[in-house]
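Novice: mmCIF, C-alpha atoms, saved as data.cif, coming up:
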data_coords
loop_
_atom_site.label_atom_id
_atom_site.label_comp_id
_atom_site.auth_asym_id
_atom_site.auth_seq_id
_atom_site.Cartn_x
_atom_site.Cartn_y
_atom_site.Cartn_z
CA MET A 1 38.73 -12.47 8.86
CA SER A 2 37.57 -15.62 10.58
CA SER A 3 38.46 -18.79 8.81
CA THR A 4 35.34 -20.59 10.03
CA GLU A 5 33.78 -22.40 7.14
CA GLN A 6 30.12 -23.27 7.19
CA GLY A 7 29.51 -25.17 4.11
CA THR A 8 26.85 -27.22 2.53
CA SER A 9 27.21 -29.97 5.14
CA SER A 10 24.64 -28.48 7.54
CA ALA A 11 22.07 -27.99 4.81
CA ALA A 12 19.66 -30.67 3.69
CA PRO A 13 21.07 -32.38 0.63
CA ALA A 14 19.29 -31.52 -2.54
CA GLU A 15 17.20 -34.23 -4.14
CA PRO A 16 18.68 -35.17 -7.50
CA THR A 17 16.42 -33.75 -10.15
CA THR A 18 18.62 -34.60 -13.07
CA ALA A 19 17.02 -35.07 -16.39
CA PRO A 20 17.49 -38.55 -18.00
CA GLU A 21 19.94 -37.31 -20.63
CA SER A 22 22.19 -35.65 -18.03
CA ALA A 23 22.46 -38.91 -16.11
CA ALA A 24 24.55 -40.29 -18.89
CA ALA A 25 26.74 -37.19 -19.13
CA PRO A 26 30.09 -37.21 -17.29
CA GLU A 27 29.82 -35.58 -13.89
CA VAL A 28 31.33 -32.13 -13.75
CA PRO A 29 32.80 -31.30 -10.33
CA GLU A 30 30.77 -28.65 -8.60
CA SER A 31 32.44 -25.32 -8.02
CA PHE A 32 32.12 -23.49 -4.73
CA TYR A 33 32.18 -19.86 -3.78
CA TYR A 34 32.52 -18.12 -0.46
CA VAL A 35 30.47 -15.35 1.11
CA HIS A 36 30.58 -13.55 4.42
CA GLY A 37 28.34 -11.13 6.23
CA LYS A 38 28.84 -8.50 8.94
CA ASP A 39 30.24 -11.13 11.35
CA LYS A 40 32.98 -12.14 8.84
CA VAL A 41 32.04 -15.82 9.15
CA VAL A 42 32.71 -17.36 5.76
CA HIS A 43 30.10 -19.64 4.21
CA LYS A 44 31.05 -22.07 1.48
CA VAL A 45 28.25 -22.30 -1.06
CA SER A 46 27.99 -24.19 -4.31
CA ALA A 47 27.56 -22.31 -7.55
CA GLY A 48 24.29 -24.21 -8.02
CA ALA A 49 22.87 -22.88 -4.77
CA LEU A 50 24.08 -19.36 -5.52
CA GLN A 51 22.17 -19.38 -8.80
CA HIS A 52 19.16 -18.24 -6.76
CA SER A 53 20.84 -14.89 -6.15
CA ALA A 54 20.86 -12.79 -9.31
CA LEU A 55 23.39 -10.45 -7.68
CA ILE A 56 25.92 -13.16 -6.77
CA HIS A 57 25.29 -15.03 -10.01
CA GLY A 58 26.13 -11.82 -11.89
CA MET A 59 29.26 -11.31 -9.81
CA ILE A 60 30.42 -14.88 -10.49
CA SER A 61 29.79 -14.54 -14.24
CA ASN A 62 31.67 -11.24 -14.40
CA LEU A 63 34.68 -12.21 -12.27
CA GLY A 64 35.45 -15.64 -13.72
CA TYR A 65 37.18 -16.75 -10.49
CA THR A 66 39.00 -20.06 -10.15
CA GLU A 67 38.15 -22.04 -7.02
CA GLU A 68 41.38 -20.86 -5.33
CA GLN A 69 40.69 -17.24 -6.17
CA ALA A 70 37.13 -17.61 -4.92
CA LYS A 71 38.35 -19.07 -1.64
CA ALA A 72 40.84 -16.27 -1.17
CA ASN A 73 38.26 -13.60 -1.98
CA PRO A 74 34.93 -14.31 -0.32
CA PHE A 75 32.11 -12.05 -1.47
CA PRO A 76 31.69 -9.53 1.34
CA PHE A 77 28.16 -8.56 2.36
CA GLU A 78 28.93 -6.22 5.21
CA ASN A 79 25.37 -4.93 5.28
CA ILE A 80 23.93 -8.36 6.12
CA ASP A 81 23.96 -9.81 9.64
CA GLY A 82 25.74 -13.17 9.97
CA ASP A 83 22.65 -15.08 11.13
CA ILE A 84 20.57 -13.64 8.29
CA LEU A 85 23.20 -14.59 5.71
CA GLN A 86 23.25 -18.08 7.24
CA MET A 87 19.45 -18.29 6.72
CA VAL A 88 19.84 -17.18 3.11
CA VAL A 89 22.65 -19.68 2.46
CA ASP A 90 20.61 -22.50 4.04
CA TRP A 91 17.60 -21.60 1.90
CA CYS A 92 19.71 -21.52 -1.28
CA ASN A 93 21.22 -24.91 -0.41
CA GLN A 94 17.84 -26.44 0.36
CA HIS A 95 16.37 -25.24 -2.91
CA LYS A 96 19.40 -25.93 -5.10
CA GLY A 97 18.32 -27.27 -8.44
CA LYS A 98 14.73 -27.74 -7.26
CA PRO A 99 11.61 -25.99 -8.44
CA THR A 100 10.52 -23.67 -5.62
CA PRO A 101 7.28 -24.68 -3.89
CA PRO A 102 4.30 -22.31 -3.86
CA GLU A 103 4.65 -21.74 -0.08
CA ASP A 104 7.56 -21.65 2.33
CA THR A 105 6.63 -22.06 5.97
CA ASN A 106 10.19 -22.16 7.36
CA LEU A 107 10.70 -18.42 7.43
CA PRO A 108 11.35 -16.62 10.73
CA LYS A 109 8.24 -15.70 12.69
CA GLN A 110 9.95 -12.89 14.58
CA LYS A 111 9.23 -9.69 12.67
CA GLU A 112 12.63 -8.01 13.18
CA LYS A 113 14.36 -11.07 11.74
CA LEU A 114 11.86 -11.25 8.91
CA PHE A 115 12.35 -7.56 8.01
CA ASP A 116 16.11 -8.10 8.12
CA LEU A 117 15.71 -11.12 5.86
CA VAL A 118 13.54 -9.14 3.42
CA LEU A 119 16.18 -6.43 3.12
CA ALA A 120 18.98 -8.98 2.65
CA VAL A 121 17.07 -11.01 0.09
CA ASN A 122 16.10 -7.88 -1.80
CA TYR A 123 19.76 -6.81 -1.88
CA LEU A 124 20.91 -10.26 -3.01
CA GLU A 125 18.10 -10.36 -5.58
CA ILE A 126 16.67 -13.75 -4.63
CA LYS A 127 13.32 -13.43 -6.32
CA GLU A 128 11.50 -16.50 -4.99
CA LEU A 129 12.61 -16.06 -1.39
CA LEU A 130 11.66 -12.39 -1.57
CA THR A 131 8.17 -13.38 -2.68
CA TYR A 132 7.81 -15.79 0.27
CA CYS A 133 9.09 -13.21 2.73
CA CYS A 134 6.78 -10.47 1.42
CA LYS A 135 3.84 -12.85 1.64
CA GLN A 136 4.70 -13.72 5.22
CA VAL A 137 4.96 -10.03 6.14
CA ALA A 138 1.62 -9.33 4.43
CA MET A 139 -0.12 -12.25 6.17
CA MET A 140 0.67 -10.66 9.55
CA VAL A 141 -1.80 -7.86 8.82
CA LYS A 142 -4.30 -9.43 6.43
CA GLY A 143 -7.81 -8.34 7.38
CA LYS A 144 -6.59 -6.03 10.17
CA SER A 145 -7.62 -2.45 10.95
CA PRO A 146 -5.16 0.48 10.72
CA GLU A 147 -4.74 0.43 14.54
CA GLU A 148 -4.01 -3.30 14.53
CA ILE A 149 -1.54 -2.92 11.65
CA ARG A 150 0.28 -0.18 13.59
CA GLU A 151 0.50 -2.47 16.58
CA ILE A 152 1.66 -5.55 14.66
CA TRP A 153 4.26 -3.74 12.60
CA MET A 154 5.22 -1.42 15.49
CA ILE A 155 4.51 1.76 13.55
CA PRO A 156 4.17 5.01 15.53
CA THR A 157 1.00 7.07 15.09
CA ASP A 158 1.19 10.34 13.15
CA ALA A 159 1.11 12.23 16.45
CA GLU A 160 3.97 10.16 17.90
CA ASP A 161 5.91 10.62 14.68
CA GLU A 162 5.45 14.39 14.78
CA ALA A 163 6.47 14.54 18.44
CA ALA A 164 9.62 12.50 17.72
CA GLU A 165 10.46 14.74 14.77
CA LYS A 166 10.03 17.89 16.89
CA GLU A 167 12.19 16.39 19.63
CA ALA A 168 14.91 15.47 17.11
CA LYS A 169 14.85 19.00 15.65
CA LYS A 170 15.07 20.48 19.13
CA ARG A 171 18.01 18.25 19.99
CA ALA A 172 19.78 19.07 16.72
CA GLY A 173 19.24 22.79 17.37
CA LYS A 174 20.70 22.51 20.86
CA GLU A 175 23.69 20.54 19.59
CA ALA A 176 24.33 23.11 16.84
CA ALA A 177 24.09 25.93 19.37
CA GLY A 178 26.52 24.07 21.65
CA GLU A 179 28.99 23.58 18.81
CA THR A 180 28.79 27.27 17.84
CA ALA A 181 29.42 28.30 21.44
CA ALA A 182 32.37 25.90 21.69
CA ALA A 183 33.84 27.21 18.43
CA ALA A 184 33.46 30.80 19.66
CA GLY A 185 35.20 29.83 22.92
CA ASP A 186 38.07 28.26 20.97
CA ALA A 187 38.44 31.38 18.81
CA LYS A 188 38.89 33.52 21.96
CA MET B 1 18.29 -0.66 15.59
CA PRO B 2 16.47 -3.55 13.92
CA PRO B 3 14.71 -2.61 10.70
CA THR B 4 11.00 -1.78 10.68
CA ILE B 5 8.41 -1.86 7.93
CA ASN B 6 9.17 1.83 7.27
CA ASP B 7 12.74 0.89 6.32
CA MET B 8 11.50 -1.15 3.38
CA PRO B 9 12.19 0.30 -0.08
CA VAL B 10 9.10 1.42 -2.01
CA ASN B 11 9.19 -1.59 -4.37
CA ILE B 12 9.23 -3.96 -1.41
CA LEU B 13 6.40 -2.17 0.36
CA GLU B 14 4.39 -2.45 -2.85
CA LYS B 15 5.22 -6.15 -3.13
CA ILE B 16 4.12 -6.73 0.47
CA CYS B 17 0.85 -4.87 -0.19
CA SER B 18 0.30 -6.93 -3.34
CA LYS B 19 0.36 -10.11 -1.24
CA LEU B 20 -2.61 -8.93 0.84
CA SER B 21 -5.12 -9.76 -1.91
CA ASP B 22 -5.55 -9.64 -5.66
CA ASP B 23 -7.51 -6.39 -5.41
CA TYR B 24 -5.33 -4.93 -2.65
CA ARG B 25 -5.35 -1.46 -4.14
CA GLU B 26 -9.12 -1.27 -3.70
CA LYS B 27 -9.61 -3.45 -0.65
CA TYR B 28 -6.80 -2.03 1.46
CA ARG B 29 -6.64 1.51 0.11
CA PHE B 30 -8.48 3.27 2.93
CA ILE B 31 -7.06 0.91 5.56
CA LEU B 32 -3.40 1.39 4.71
CA ARG B 33 -3.63 5.13 4.20
CA ASN B 34 -4.78 5.48 7.80
CA VAL B 35 -1.83 3.54 9.23
CA CYS B 36 0.82 6.26 9.01
CA GLN B 37 2.13 9.11 6.92
CA SER B 38 4.55 7.08 4.82
CA PHE B 39 1.89 4.48 3.97
CA ARG B 40 -0.48 7.32 3.09
CA ARG B 41 2.08 8.79 0.68
CA HIS B 42 2.54 5.37 -0.91
CA VAL B 43 -1.15 4.52 -1.22
CA ASP B 44 -2.02 7.95 -2.60
CA SER B 45 0.16 7.21 -5.61
CA TRP B 46 -2.18 4.38 -6.63
CA THR B 47 -4.50 5.55 -9.38
CA PRO B 48 -8.00 4.40 -8.42
CA LYS B 49 -9.88 2.11 -10.76
CA ILE B 50 -13.08 3.40 -12.32
CA GLU B 51 -15.44 2.47 -9.55
CA GLU B 52 -18.52 3.38 -7.58
CA ILE B 53 -18.36 5.44 -4.41
CA SER B 54 -21.31 5.44 -2.02
CA ILE B 55 -21.47 7.51 1.14
CA PHE B 56 -24.07 6.87 3.84
CA SER B 57 -24.43 8.24 7.30
CA ASN B 58 -26.23 6.83 10.27
CA PHE B 59 -26.20 8.41 13.71
CA GLY B 60 -22.84 10.08 13.15
CA ARG B 61 -21.15 6.97 11.74
CA ILE B 62 -20.26 7.29 8.12
CA THR B 63 -20.06 4.35 5.78
CA VAL B 64 -18.17 4.60 2.54
CA GLU B 65 -18.46 1.89 -0.06
CA PHE B 66 -15.62 2.01 -2.51
CA ALA B 67 -14.84 -0.70 -5.03
CA SER B 68 -17.24 -3.13 -3.33
CA THR B 69 -15.50 -2.67 0.02
CA GLU B 70 -17.25 -1.10 2.98
CA TYR B 71 -15.34 1.24 5.29
CA LEU B 72 -16.82 2.48 8.57
CA TYR B 73 -15.74 5.80 10.04
CA ASP B 74 -16.28 7.44 13.39
CA HIS B 75 -14.50 10.63 12.39
CA GLU B 76 -15.78 12.58 9.44
CA ASN B 77 -12.39 14.25 8.89
CA LEU B 78 -10.91 10.87 8.07
CA THR B 79 -13.80 10.17 5.70
CA VAL B 80 -13.31 13.48 3.91
CA ASP B 81 -9.56 12.92 3.67
CA ASP B 82 -9.96 9.40 2.24
CA LEU B 83 -12.61 10.47 -0.26
CA ILE B 84 -10.61 13.46 -1.46
CA SER B 85 -7.55 11.24 -1.92
CA VAL B 86 -9.34 9.32 -4.66
CA LEU B 87 -11.54 12.07 -6.09
CA LYS B 88 -8.54 14.32 -6.72
CA PHE B 89 -7.23 12.17 -9.57
CA PRO B 90 -7.90 14.35 -12.61
CA ASN B 91 -7.99 11.62 -15.22
CA VAL B 92 -10.20 9.14 -13.42
CA LYS B 93 -13.88 9.01 -14.20
CA PHE B 94 -15.88 7.20 -11.53
CA GLU B 95 -18.88 5.13 -12.46
CA LYS B 96 -21.12 6.37 -9.69
CA LEU B 97 -21.13 8.75 -6.76
CA GLU B 98 -23.94 8.06 -4.34
CA ILE B 99 -24.72 10.17 -1.31
CA GLY B 100 -27.27 8.56 0.93
CA GLU B 101 -28.91 9.61 4.16
CA LYS B 102 -28.08 13.00 5.48
CA SER B 103 -25.10 14.02 7.48
CA GLU B 104 -25.10 17.79 7.52
CA GLU B 105 -21.76 18.23 9.23
CA PHE B 106 -19.97 15.71 7.06
CA LEU B 107 -21.38 17.24 3.89
CA GLU B 108 -20.44 20.72 5.03
CA ASN B 109 -16.80 19.65 5.54
CA PHE B 110 -16.77 17.58 2.37
CA LEU B 111 -18.10 20.41 0.20
CA LEU B 112 -15.77 22.95 1.81
CA LYS B 113 -12.77 20.75 1.10
CA ILE B 114 -13.81 20.15 -2.51
CA GLU B 115 -14.32 23.88 -2.98
CA SER B 116 -11.01 24.83 -1.37
CA LEU B 117 -9.14 22.42 -3.63
CA ASN B 118 -11.16 23.52 -6.64
CA LEU B 119 -11.85 19.88 -7.43
CA LYS B 120 -13.90 18.69 -10.35
CA ILE B 121 -15.40 15.27 -9.80
CA HIS B 122 -15.50 13.19 -12.95
CA VAL B 123 -18.41 10.84 -12.57
CA GLU B 124 -20.92 9.17 -14.86
CA THR B 125 -23.88 8.75 -12.51
CA VAL B 126 -24.73 10.83 -9.47
CA GLU B 127 -27.32 9.45 -7.08
CA LEU B 128 -28.56 11.65 -4.25
CA ASN B 129 -30.92 11.14 -1.39
CA ASN B 130 -31.72 14.79 -1.19
CA SER B 131 -32.56 15.80 2.31
CA GLY B 132 -30.51 18.95 2.57
CA ARG B 133 -27.26 20.12 1.05
CA GLU B 134 -26.57 16.99 -1.00
CA ILE B 135 -27.61 18.81 -4.14
CA ASP B 136 -24.66 21.20 -3.71
CA ILE B 137 -22.30 18.42 -4.76
CA LEU B 138 -23.62 18.84 -8.32
CA LYS B 139 -21.69 22.12 -8.68
CA PHE B 140 -18.49 20.10 -8.51
CA CYS B 141 -19.51 17.22 -10.77
CA GLU B 142 -18.07 17.51 -14.26
CA ASN B 143 -20.74 16.69 -16.84
CA PRO B 144 -22.40 13.67 -15.27
CA GLU B 145 -24.48 11.66 -17.71
CA ILE B 146 -27.15 10.42 -15.32
CA LEU B 147 -28.58 12.04 -12.23
CA LYS B 148 -30.94 10.23 -9.87
CA ILE B 149 -32.45 12.17 -7.00
CA ASP B 150 -34.77 11.10 -4.24
CA ASN B 151 -36.49 14.48 -4.22
CA SER B 152 -39.10 13.88 -1.54
CA LYS B 153 -38.26 17.34 -0.16
CA LYS B 154 -39.51 18.69 -3.50
CA ILE B 155 -36.60 20.94 -4.36
CA PRO B 156 -37.63 22.91 -7.48
CA ILE B 157 -36.28 21.43 -10.70
CA GLU B 158 -34.78 24.80 -11.63
CA GLU B 159 -32.58 24.56 -8.54
CA ILE B 160 -31.27 21.24 -9.76
CA ILE B 161 -30.80 22.22 -13.38
CA LYS B 162 -28.95 25.46 -12.60
CA ASN B 163 -25.95 23.37 -11.54
CA PHE B 164 -25.32 22.35 -15.11
CA SER B 165 -24.01 25.10 -17.33
CA ARG B 166 -23.23 22.95 -20.35
CA LYS B 167 -25.01 19.64 -20.74
CA ILE B 168 -27.99 18.66 -18.60
CA PRO B 169 -27.80 14.99 -17.64
CA LYS B 170 -30.60 12.50 -17.91
CA ILE B 171 -32.48 13.13 -14.67
CA THR B 172 -34.63 10.70 -12.70
CA LEU B 173 -36.60 12.18 -9.82
CA LYS B 174 -38.26 10.16 -7.12
CA TYR B 175 -41.08 11.53 -4.96
CA ASP B 176 -43.06 10.13 -2.06
CA LYS B 177 -46.17 12.00 -3.04
CA LEU B 178 -47.05 14.49 -5.77
CA ASN B 179 -50.29 16.27 -6.44
CA ALA B 180 -51.56 16.80 -9.97
CA THR B 181 -50.32 20.42 -10.20
CA GLU B 182 -46.79 19.48 -9.09
CA ALA B 183 -46.67 16.55 -11.48
CA THR B 184 -47.87 18.71 -14.35
CA GLU B 185 -45.23 21.33 -13.59
CA ILE B 186 -42.48 18.71 -13.66
CA VAL B 187 -43.70 17.34 -16.96
CA ARG B 188 -43.89 20.87 -18.37
CA LEU B 189 -40.32 21.65 -17.39
CA SER B 190 -38.96 18.42 -18.79
#
Show this structure as structure tokens.

Specialist:
Amino acid sequence: MSSTEQGTSSAAPAEPTTAPESAAAPEVPESFYYVHGKDKVVHKVSAGALQHSALIHGMISNLGYTEEQAKANPFPFENIDGDILQMVVDWCNQHKGKPTPPEDTNLPKQKEKLFDLVLAVNYLEIKELLTYCCKQVAMMVKGKSPEEIREIWMIPTDAEDEAAEKEAKKRAGKEAAGETAAAAGDAK
Amino acid sequence: MPPTINDMPVNILEKICSKLSDDYREKYRFILRNVCQSFRRHVDSWTPKIEEISIFSNFGRITVEFASTEYLYDHENLTVDDLISVLKFPNVKFEKLEIGEKSEEFLENFLLKIESLNLKIHVETVELNNSGREIDILKFCENPEILKIDNSKKIPIEEIIKNFSRKIPKITLKYDKLNATEATEIVRLS
């Protein structure tokens, strides 16, 4: 595993939104957790930022890790690309302890990245970010015709779909026949 | 392979659709179901709201008004498919089904499809601009309460009434011209 640490330093610092009574309270040191994606790059994230993710929040509550244990055992998200996890971490850091705005215009414009982000955010159960992402995906096709929607979202037509399915079946049939022939040859 | 919209789980696809507009299930119903097979499967699970459906035809182009949204079609097969997808819900009673100017071929296909599926259309008001086979739709309408017919072709009232085995709806007939004998006959039958 790479020991690269990408922590909260790159993210915009959160504006203090402390309530008046908490200002007087003694400051509790913030705890940090570690996550990594497919690329094994470890990201150091504060517990406050991770509160956005219901999945990670649940994991933290259930495991009761100390900081050392957390550092030694980063949460692995092998199904999430490194750059996507970085986006998620940045978003969580930027919105740590803040009420989420009604719109978020800093989401990726490239649809493949956006779809990747949607899947990651859905998996990590980050409700607000998921809402923003879904809205951005929807806005791509608002007011469009079925043909335009197909083009924008790169969806094959029914005919293309059927042709691809037939081709896949044909290929699978040929492969199966090849395997049977090879097995028969081996038996001889 | 990067993910596509078809890789989205059903709950996410629904959430994306919900961001299109407040009344996305009405406004985007017939748009999304013509995008691809998987969208069609998803959209067809949406129970339609109790709404009005109007069908008009003009020089081969068919217009369907559904839930205050107008859809234009060049292919009648698509129109029939979209209409059947909402009419097939057994527990939905539509407010109004209106069939406007004639489109013999469309009606032929529409009626054939309804008959082959043995569909019963649950609708409160049926409004027909009767220029040909429109009246045949009545066979498939389950106890409508109101029937309005532009009967300028003067189809005999018996022909209309025979479509209702149980309860005859309140019928309003519109004529361009009627002579005294024809008017008397209508009054006598009513």

Novice: Return as an MDAnalysis selection string the set of residues that the PyMOL selection byres ((chain B) within 6 of (chain A)) yields on the displayed structure.

Specialist: chainID B and resid 2 16 19:20 31 34:36

Novice: Using C-alpha atoms, can you export the residues from the last selection as a short mmCIF file (atom, residue, chain, number, x, y, z; two decimals), in the frame of the given file?

Specialist:
data_model
loop_
_atom_site.label_atom_id
_atom_site.label_comp_id
_atom_site.auth_asym_id
_atom_site.auth_seq_id
_atom_site.Cartn_x
_atom_site.Cartn_y
_atom_site.Cartn_z
CA PRO B 2 16.47 -3.55 13.92
CA ILE B 16 4.12 -6.73 0.47
CA LYS B 19 0.36 -10.11 -1.24
CA LEU B 20 -2.61 -8.93 0.84
CA ILE B 31 -7.06 0.91 5.56
CA ASN B 34 -4.78 5.48 7.80
CA VAL B 35 -1.83 3.54 9.23
CA CYS B 36 0.82 6.26 9.01
#

Novice: So which residues get picked by the PyMOL selection byres ((chain B and resi 40-55) around 7) here, written as a short mmCIF file (atom, residue, chain, number, x, y, z; two decimals) with C-alpha atoms, keeping the file's coordinate frame?

Specialist:
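Just written: expr_37.cif:
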data_model
loop_
_atom_site.label_atom_id
_atom_site.label_comp_id
_atom_site.auth_asym_id
_atom_site.auth_seq_id
_atom_site.Cartn_x
_atom_site.Cartn_y
_atom_site.Cartn_z
CA ARG B 29 -6.64 1.51 0.11
CA LEU B 32 -3.40 1.39 4.71
CA ARG B 33 -3.63 5.13 4.20
CA ASN B 34 -4.78 5.48 7.80
CA CYS B 36 0.82 6.26 9.01
CA GLN B 37 2.13 9.11 6.92
CA SER B 38 4.55 7.08 4.82
CA PHE B 39 1.89 4.48 3.97
CA PHE B 56 -24.07 6.87 3.84
CA SER B 57 -24.43 8.24 7.30
CA THR B 63 -20.06 4.35 5.78
CA VAL B 64 -18.17 4.60 2.54
CA GLU B 65 -18.46 1.89 -0.06
CA PHE B 66 -15.62 2.01 -2.51
CA ALA B 67 -14.84 -0.70 -5.03
CA SER B 85 -7.55 11.24 -1.92
CA VAL B 86 -9.34 9.32 -4.66
CA VAL B 92 -10.20 9.14 -13.42
CA LYS B 93 -13.88 9.01 -14.20
CA PHE B 94 -15.88 7.20 -11.53
CA GLU B 95 -18.88 5.13 -12.46
CA LYS B 96 -21.12 6.37 -9.69
CA LEU B 97 -21.13 8.75 -6.76
CA GLU B 98 -23.94 8.06 -4.34
CA ILE B 99 -24.72 10.17 -1.31
CA GLY B 100 -27.27 8.56 0.93
#

Novice: Quick check, in Å to one decimal: how far apart do atom CA of Ser61 of chain A and atom CA of Asp83 of chain A lie?

Specialist: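 Atom CA of Asp83 of chain A lies 26.4 Å from atom CA of Ser61 of chain A.
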
Novice: What's the separation between atom CA of Ser18 of chain B and atom CA of Glu103 of chain A, in Å to one decimal place?

Specialist: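 It comes out at 15.8 Å.
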
Novice: Selection in question (the file shown): the PyMOL selection byres ((chain A and resi 44-49) around 10). Which residues does it include, as an NGL selection string?

Specialist: :A and (4-9 or 14 or 30-36 or 41-43 or 50-53 or 56-57 or 60 or 70-71 or 74 or 89-98)

Novice: Just give me the residues with any atom within 7 Å of (-16.5, 11.8, -11.2), file coordinates, counting all atoms listed in the file, written as number ranges by chain.

Specialist: B: 93-94, 121-124, 141-142

Novice: Quote the spacing between atom CA of Leu124 of chain A and atom CA of Phe77 of chain A in Å to one decimal place.

Specialist: 9.2 Å

Novice: Around all listed atoms of segment 84-101 of chain A, padded 4 Å per side, what centre and edge lengths does the axis-aligned box have in Å to one decimal, as AutoDock Vina command-line options?

Specialist:
--center_x 15.3 --center_y -20.7 --center_z -0.1 --size_x 24.0 --size_y 22.1 --size_z 24.7

Novice: Per residue of segment 87-136 of chain B within 10 Å of segment 168-190 of chain B, what are the shortest atom pair and its distance in Å to one decimal, counting only C-alpha atoms, with rows by chain and residue number, as a tab-separated table?

Specialist:
residue	atom	partner	partner_atom	distance
B:Glu124	CA	B:Pro169	CA	9.4
B:Thr125	CA	B:Pro169	CA	9.0
B:Val126	CA	B:Ile171	CA	9.6
B:Glu127	CA	B:Thr172	CA	9.3
B:Leu128	CA	B:Leu173	CA	9.8
B:Asn129	CA	B:Lys174	CA	9.4
B:Asn130	CA	B:Lys174	CA	10.0

Novice: For segment 134-139 of chain B, work out the shell of residues within 8 Å, counting only C-alpha atoms and skipping chain neighbours fewer than 6 positions away, then give it as a list in words.

Specialist: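 Neighbouring residues, sequence-local ones excluded: Ile99, Lys102, Leu107, Leu111, Leu128, Ile160, Asn163 and Phe164 of chain B.
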
Novice: From the list A:Met59, A:Ala120, A:Pro101, A:Gly173, which residue is nearest Val88 of chain A when using all atoms listed in the file?

Specialist: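 Closest residue, counting all atoms listed in the file: A:Ala120.
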